[in-house]
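Next up, target.txt (compact mmCIF, C-alpha atoms):
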# COMPACT_ATOMS: atom_id res chain seq x y z
CA MET V 1 -8.16 -7.65 -6.39
CA ASN V 2 -5.99 -4.61 -7.24
CA HIS V 3 -2.83 -6.70 -6.91
CA PHE V 4 -3.53 -8.47 -10.23
CA PHE V 5 -2.61 -5.24 -12.05
CA ARG V 6 0.99 -6.37 -11.65
CA TYR V 7 0.49 -9.11 -14.28
CA PHE V 8 1.33 -8.71 -17.96
CA ASP V 9 -0.27 -12.05 -18.90
CA PHE V 10 -4.06 -12.38 -18.51
CA ARG V 11 -3.59 -16.08 -17.71
CA GLU V 12 -2.03 -15.23 -14.35
CA ILE V 13 -5.14 -13.22 -13.50
CA VAL V 14 -7.37 -16.13 -14.51
CA LYS V 15 -5.34 -18.42 -12.22
CA GLU V 16 -5.82 -16.02 -9.32
CA LEU V 17 -9.55 -15.71 -9.97
CA VAL V 18 -9.94 -19.49 -10.01
CA ALA V 19 -7.82 -19.88 -6.85
CA GLU V 20 -9.80 -17.22 -4.99
CA ARG V 21 -13.13 -18.77 -6.00
CA LYS V 22 -11.84 -22.24 -5.05
CA SER V 23 -11.03 -20.93 -1.56
CA VAL V 24 -14.76 -20.34 -0.97
CA GLU V 25 -16.09 -23.02 -3.33
CA PRO V 26 -13.77 -26.07 -2.94
CA HIS V 27 -15.21 -27.84 -6.00
CA PHE V 28 -14.62 -24.93 -8.35
CA ASN V 29 -12.00 -25.72 -11.03
CA PHE V 30 -10.99 -25.02 -14.62
CA SER V 31 -13.57 -27.49 -15.92
CA ARG V 32 -16.28 -25.36 -14.32
CA LEU V 33 -14.68 -22.23 -15.77
CA ALA V 34 -14.72 -23.78 -19.24
CA GLN V 35 -18.48 -24.37 -18.88
CA ILE V 36 -19.01 -20.76 -17.81
CA LEU V 37 -17.03 -19.49 -20.81
CA GLY V 38 -18.82 -21.84 -23.20
CA VAL V 39 -15.67 -23.63 -24.38
CA GLN V 40 -14.30 -27.15 -24.21
CA LYS V 41 -12.01 -27.95 -21.30
CA THR V 42 -9.30 -28.94 -23.82
CA TYR V 43 -9.51 -25.49 -25.42
CA LEU V 44 -9.22 -23.75 -22.06
CA SER V 45 -6.19 -25.93 -21.33
CA LYS V 46 -4.61 -24.70 -24.58
CA VAL V 47 -5.37 -21.11 -23.54
CA MET V 48 -3.76 -21.57 -20.14
CA ALA V 49 -0.73 -23.22 -21.78
CA GLY V 50 -0.26 -20.16 -24.00
CA ASN V 51 -1.31 -21.90 -27.22
CA ALA V 52 -4.61 -20.07 -27.66
CA SER V 53 -6.35 -16.96 -26.36
CA LEU V 54 -9.77 -15.83 -25.13
CA SER V 55 -12.13 -13.77 -27.26
CA SER V 56 -13.48 -10.40 -26.13
CA ASP V 57 -16.86 -12.06 -25.47
CA GLN V 58 -15.23 -14.71 -23.30
CA ILE V 59 -13.33 -12.03 -21.37
CA TYR V 60 -16.65 -10.19 -20.89
CA THR V 61 -18.28 -13.37 -19.56
CA LEU V 62 -15.36 -14.01 -17.23
CA ALA V 63 -15.45 -10.43 -15.91
CA GLU V 64 -19.20 -10.61 -15.37
CA TYR V 65 -19.05 -13.97 -13.59
CA PHE V 66 -16.29 -12.89 -11.20
CA ALA V 67 -17.89 -9.44 -10.70
CA LEU V 68 -14.77 -7.57 -11.78
CA THR V 69 -14.79 -3.78 -11.64
CA LYS V 70 -14.90 -1.77 -14.85
CA GLU V 71 -11.19 -0.98 -14.46
CA GLU V 72 -10.28 -4.64 -13.91
CA HIS V 73 -12.35 -5.70 -16.93
CA GLU V 74 -10.70 -3.05 -19.14
CA TYR V 75 -7.24 -4.08 -17.97
CA LEU V 76 -7.96 -7.74 -18.71
CA THR V 77 -9.21 -6.79 -22.19
CA LEU V 78 -6.09 -4.69 -22.74
CA LEU V 79 -3.85 -7.67 -21.94
CA THR V 80 -5.63 -9.91 -24.44
CA GLU V 81 -5.52 -7.20 -27.13
CA TYR V 82 -1.79 -6.78 -26.50
CA GLU V 83 -1.24 -10.51 -26.92
CA ARG V 84 -3.35 -10.86 -30.07
CA THR V 85 -2.26 -7.83 -32.10
CA GLY V 86 0.18 -8.39 -34.93
CA LEU V 87 0.84 -4.68 -35.49
CA ALA V 88 4.15 -3.60 -33.97
CA LYS V 89 3.07 0.04 -33.54
CA ARG V 90 -0.22 -0.90 -31.85
CA LYS V 91 1.58 -3.41 -29.63
CA GLN V 92 3.91 -0.62 -28.49
CA ILE V 93 0.95 1.68 -27.71
CA LEU V 94 -0.84 -1.05 -25.76
CA GLU V 95 2.34 -1.87 -23.82
CA LYS V 96 2.63 1.77 -22.74
CA LYS V 97 -1.00 1.77 -21.58
CA ILE V 98 -0.47 -1.42 -19.60
CA SER V 99 2.73 -0.10 -18.00
CA ALA V 100 0.99 3.16 -17.03
CA ILE V 101 -1.83 1.25 -15.31
CA GLN V 102 0.67 -0.99 -13.51
CA SER V 103 2.65 2.04 -12.35
CA ALA V 104 -0.49 3.69 -10.99
CA HIS V 105 -1.38 0.55 -9.05
CA ARG V 106 2.08 0.31 -7.48
CA ASN V 107 1.18 3.48 -5.57
CA THR V 108 1.04 2.73 -1.82
CA LYS V 109 -2.37 4.37 -1.68
CA LYS V 110 -3.79 1.58 -3.83
CA ASN V 111 -2.48 -1.10 -1.49
CA LEU V 112 -3.40 0.04 2.01
CA GLN V 113 -6.68 0.60 3.86
CA ALA V 114 -5.34 3.47 5.96
CA LYS V 115 -7.07 6.85 5.81
CA PHE V 116 -4.94 8.88 3.42
CA GLN V 117 -4.36 12.56 4.10
CA GLY V 118 -2.89 15.54 2.29
CA GLU V 119 -3.86 15.38 -1.38
CA ASN V 120 -3.69 19.17 -1.81
CA SER V 121 -1.28 21.91 -0.82
CA ASN V 122 -3.78 23.60 1.55
CA ASP V 123 -4.01 20.57 3.78
CA PRO V 124 -4.66 21.58 7.42
CA MET V 125 -2.57 18.53 8.39
CA ALA V 126 0.60 20.28 7.14
CA ASP V 127 1.80 21.03 10.70
CA TYR V 128 1.32 17.37 11.61
CA TYR V 129 3.35 16.01 8.69
CA LEU V 130 6.11 18.62 8.78
CA ASP V 131 7.09 17.77 12.35
CA PRO V 132 8.07 14.09 12.75
CA PHE V 133 7.79 14.26 16.52
CA MET V 134 4.11 15.18 16.29
CA THR V 135 3.45 11.77 14.73
CA VAL V 136 5.61 10.03 17.35
CA ALA V 137 3.93 11.89 20.24
CA HIS V 138 0.51 11.13 18.77
CA LEU V 139 1.20 7.38 18.65
CA CYS V 140 2.91 7.32 22.05
CA LEU V 141 -0.37 8.48 23.59
CA THR V 142 -1.86 5.11 22.53
CA LEU V 143 0.69 3.14 24.58
CA PRO V 144 -0.57 1.61 27.85
CA GLN V 145 2.47 2.79 29.81
CA TYR V 146 1.53 6.42 29.15
CA ALA V 147 -2.25 5.96 29.47
CA GLY V 148 -2.92 9.06 27.40
CA ASP V 149 -0.84 11.25 29.74
CA SER V 150 0.86 13.92 27.61
CA ARG V 151 3.30 14.82 30.42
CA LYS V 152 4.70 11.27 30.50
CA VAL V 153 5.05 11.25 26.71
CA ALA V 154 6.76 14.66 26.73
CA GLN V 155 9.17 13.50 29.42
CA ARG V 156 10.02 10.29 27.53
CA LEU V 157 10.63 12.19 24.28
CA LYS V 158 12.52 14.95 26.08
CA PHE V 159 10.18 17.75 24.96
CA SER V 160 10.47 21.16 26.54
CA GLU V 161 7.32 22.46 28.23
CA ALA V 162 6.72 24.97 25.44
CA TYR V 163 7.26 22.40 22.69
CA ALA V 164 4.96 19.87 24.38
CA LYS V 165 2.24 22.51 24.66
CA LYS V 166 2.59 23.25 20.93
CA ILE V 167 2.57 19.57 19.92
CA PHE V 168 -0.44 18.44 21.94
CA GLY V 169 -2.31 21.68 21.30
CA LYS V 170 -1.99 21.13 17.54
CA LEU V 171 -3.04 17.47 17.82
CA GLU V 172 -6.13 18.59 19.72
CA GLU V 173 -6.84 21.35 17.20
CA LEU V 174 -6.69 18.80 14.36
CA LYS V 175 -9.12 16.57 16.30
CA ILE V 176 -6.59 13.74 16.29
CA ILE V 177 -6.78 13.63 20.09
CA GLN V 178 -9.53 14.68 22.48
CA PRO V 179 -8.95 16.08 25.99
CA LEU V 180 -10.30 14.13 28.96
CA THR V 181 -11.52 15.51 32.26
CA THR V 182 -8.19 14.65 33.91
CA PRO V 183 -5.66 17.44 33.14
CA HIS V 184 -3.02 16.60 30.50
CA HIS V 185 -4.80 13.38 29.55
CA TYR V 186 -6.17 12.64 26.08
CA ARG V 187 -8.12 10.06 24.14
CA VAL V 188 -6.72 9.24 20.70
CA VAL V 189 -9.46 9.74 18.09
CA GLU V 190 -7.45 9.02 14.92
CA ASP V 191 -4.70 6.41 15.07
CA HIS V 192 -4.33 5.07 11.52
CA LEU V 193 -3.30 7.93 9.24
CA GLN V 194 -1.16 7.80 6.10
CA LEU V 195 0.04 10.67 3.92
CA SER V 196 -0.88 10.32 0.25
CA SER V 197 2.04 10.17 -2.18
CA ASP V 198 0.08 12.71 -4.27
CA SER V 199 0.51 15.33 -1.57
CA PRO V 200 3.12 18.11 -2.00
CA LEU V 201 3.90 17.43 1.67
CA CYS V 202 5.03 13.88 0.97
CA THR V 203 8.64 14.56 -0.06
CA PRO V 204 9.48 16.94 2.84
CA TYR V 205 7.62 14.65 5.26
CA GLN V 206 9.70 11.63 4.20
CA ALA V 207 12.95 13.62 4.25
CA LEU V 208 12.30 15.04 7.72
CA PHE V 209 11.33 11.64 9.09
CA ARG V 210 14.48 10.04 7.68
CA LEU V 211 16.62 12.72 9.31
CA ALA V 212 14.85 12.23 12.63
CA SER V 213 15.12 8.43 12.28
CA ALA V 214 18.84 8.55 11.47
CA HIS V 215 19.51 10.78 14.48
CA HIS V 216 17.47 8.51 16.76
CA LEU V 217 19.17 5.33 15.46
CA MET V 218 22.54 6.67 16.56
CA LYS V 219 21.31 6.67 20.16
CA ILE V 220 19.92 3.12 20.18
CA PRO V 221 22.12 0.12 21.15
CA THR V 222 22.83 -2.13 18.16
CA ASP V 223 21.10 -5.11 19.80
CA GLU V 224 17.86 -3.08 20.05
CA ARG V 225 17.59 -1.99 16.44
CA PHE V 226 17.55 -3.42 12.93
CA ALA V 227 18.70 -1.34 10.00
CA PHE V 228 19.22 -2.52 6.44
CA SER V 229 20.57 -0.77 3.37
CA VAL V 230 21.65 -2.22 0.04
CA THR V 231 22.75 -0.91 -3.34
CA PHE V 232 22.15 -3.39 -6.15
CA SER V 233 22.23 -3.58 -9.93
CA ALA V 234 19.38 -5.18 -11.89
CA ASP V 235 16.92 -4.38 -14.68
CA GLU V 236 13.59 -2.52 -14.64
CA LYS V 237 11.63 -5.78 -14.50
CA THR V 238 13.45 -6.87 -11.34
CA LYS V 239 12.99 -3.43 -9.77
CA LYS V 240 9.23 -3.78 -10.34
CA ILE V 241 9.28 -7.24 -8.75
CA VAL V 242 11.01 -5.80 -5.65
CA HIS V 243 8.50 -2.93 -5.53
CA GLU V 244 5.52 -5.25 -5.85
CA ALA V 245 6.92 -7.65 -3.24
CA PHE V 246 7.13 -4.76 -0.77
CA LEU V 247 3.54 -3.71 -1.54
CA LYS V 248 2.45 -7.31 -0.95
CA PHE V 249 4.35 -7.20 2.35
CA LEU V 250 2.48 -3.99 3.31
CA ARG V 251 -0.89 -5.54 2.47
CA GLU V 252 -0.07 -8.60 4.57
CA ILE V 253 1.17 -6.74 7.65
CA GLU V 254 -1.38 -3.90 7.72
CA PRO V 255 -4.22 -5.97 9.29
CA GLN V 256 -1.74 -7.55 11.71
CA VAL V 257 -0.43 -4.14 12.78
CA LYS V 258 -3.97 -2.82 13.25
CA ALA V 259 -4.92 -5.83 15.39
CA ALA V 260 -1.65 -6.03 17.37
CA PRO V 261 -1.41 -5.26 21.11
CA ILE V 262 -0.05 -1.72 21.59
CA ASP V 263 3.25 -1.92 23.47
CA GLU V 264 5.65 0.38 21.57
CA VAL V 265 5.89 2.86 18.67
CA TYR V 266 8.07 1.58 15.82
CA GLN V 267 9.44 3.08 12.61
CA LEU V 268 9.65 1.39 9.19
CA ASN V 269 11.34 3.04 6.19
CA PHE V 270 11.79 1.67 2.68
CA ASP V 271 13.48 3.39 -0.27
CA LEU V 272 13.72 2.16 -3.85
CA PHE V 273 15.08 4.48 -6.54
CA PRO V 274 17.56 4.53 -9.45
CA TRP V 275 20.98 6.15 -9.01
CA SER V 276 21.49 6.82 -12.72

Take the structure I supplied and represent it as C-alpha cells, if you would.
Amino acid sequence: MNHFFRYFDFREIVKELVAERKSVEPHFNFSRLAQILGVQKTYLSKVMAGNASLSSDQIYTLAEYFALTKEEHEYLTLLTEYERTGLAKRKQILEKKISAIQSAHRNTKKNLQAKFQGENSNDPMADYYLDPFMTVAHLCLTLPQYAGDSRKVAQRLKFSEAYAKKIFGKLEELKIIQPLTTPHHYRVVEDHLQLSSDSPLCTPYQALFRLASAHHLMKIPTDERFAFSVTFSADEKTKKIVHEAFLKFLREIEPQVKAAPIDEVYQLNFDLFPWS
C-alpha cells in the first residue's frame, strides 16, 4: 500500500482502504467502518466531508483492523496531527516530516519489485552498469531469435570478437548468464535487474545509457521509434503529481512486462528535473 504515502489528507487513505477491502468483501462499506471505529455513521460522514477528524485511538483501531505496517500507521497519525494542530510552528514541522516521507516513497525502489543492485561503491556489478551494451547484450540473449547464442547477438549488435568475448565473459563471471554444453550458448539466470538510485553508479549509468540511446535513435527510421520530450512550467505540487503518475505507470506495467512474450529488447527513459 506504499502508494498512499502520496496523500496529504488521511481521508484519501481511508477511501483507498475501504475500496481495497470492498474489492475482496463486496458488502464492506463506510457503515461497517463506522462500527469498527466505534462511531456513528453520521459522525464518520462528517469526518469524510472534512468537518471532523479521527482521534488517535480511532486511527490505531483503523490501522490494526487493516493490518497497516508500523510506517503506514505512523504516517496516518502524522497526517491527523498535522490537520488538528493549531500551532503554526508545529504545523510547519509536521509538514516537513510529511514531505520527507513522501519524497522517500517517490523513490523508484519503493515502487518496483525488481531486484535492486548497487547500493554501495564496491558493487561487483559496476562493470555491468558502466557499459550500456552489456545490459543490451544480456537481454538480447533472452530473445527467441537468438536462442541464447552469443555469436548471433554479437553480430546483430556489431560487436568485435574481442569486445564480445569481454561482454559475455563478464556476464558469466557475474553469474547473470550460465554457459551451456553447446559452444557460445548461454542460459540467462538473472533477467530482471534494476540499479538502485542510492548507488553511486546510478548517475553515470543513466548518463551513459542516454548517450547510447541517443546515438541509436539516430539510426532508427522515424516510423519505428517513439521519442518524446517536453519543457513545461508548473508548480512543485504539479511536478509531484507528474512524478507520482509515472511511478503509478511503472507499477502497472511491471507485471505486464514480466509476463509478456519475449520478442524484442526495448528502451524506456524518463527525466523530470527543474531547470532553475

Atomic separation - atom CA of Lys240 of chain V relative to atom CA of Ser99 of chain V, Å: 10.7 Å

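Compared by their closest atoms to Asp131 of chain V, and using all atoms listed in the file, the residues V:Gln267, V:Gln206, V:Asn51, V:Thr238 rank with V:Gln206 nearest.
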
V:Leu272, V:Leu78, V:Val257, V:Val242 ranked by distance to Lys96 of chain V, top pick (using all atoms listed in the file): V:Leu78

Between atom CA of Leu193 of chain V and atom CA of Pro261 of chain V - distance in Å to one decimal: 17.8 Å

Nearest to Tyr128 of chain V, chosen from V:Arg187, V:Lys89, V:Lys166, V:Lys239, with only C-alpha atoms counted in the distances: V:Lys166

Protein, DNA and RNA residues within 12 Å of (3.3, 9.1, 25.4), all atoms listed in the file, as an MDAnalysis selection string: chainID V and resid 133:159 164 167:168 184:188 262:265

Among the residues V:Asp57, V:Leu62, V:His105, V:Ala162, the one that comes closest to Leu247 of chain V [using all atoms listed in the file]: V:His105

Spatial neighbours of Arg32 of chain V, max dist 12 Å, all atoms listed in the file, sep filter under 3 positions, as a list in words: Val18, Arg21, Lys22, Glu25, Pro26, His27, Phe28, Asn29, Gln35, Ile36, Leu37, Gly38, Val39, Gln40, Lys41, Leu44, Leu62 and Tyr65 of chain V

Shortest interatomic distance to Leu211 of chain V - which of V:Ser103, V:Asn269, V:Ala49, V:Leu17, counting only C-alpha atoms: V:Asn269

One-decimal distance in Å that lies between atom CA of Ala259 of chain V and atom CA of Glu224 of chain V: 23.4 Å
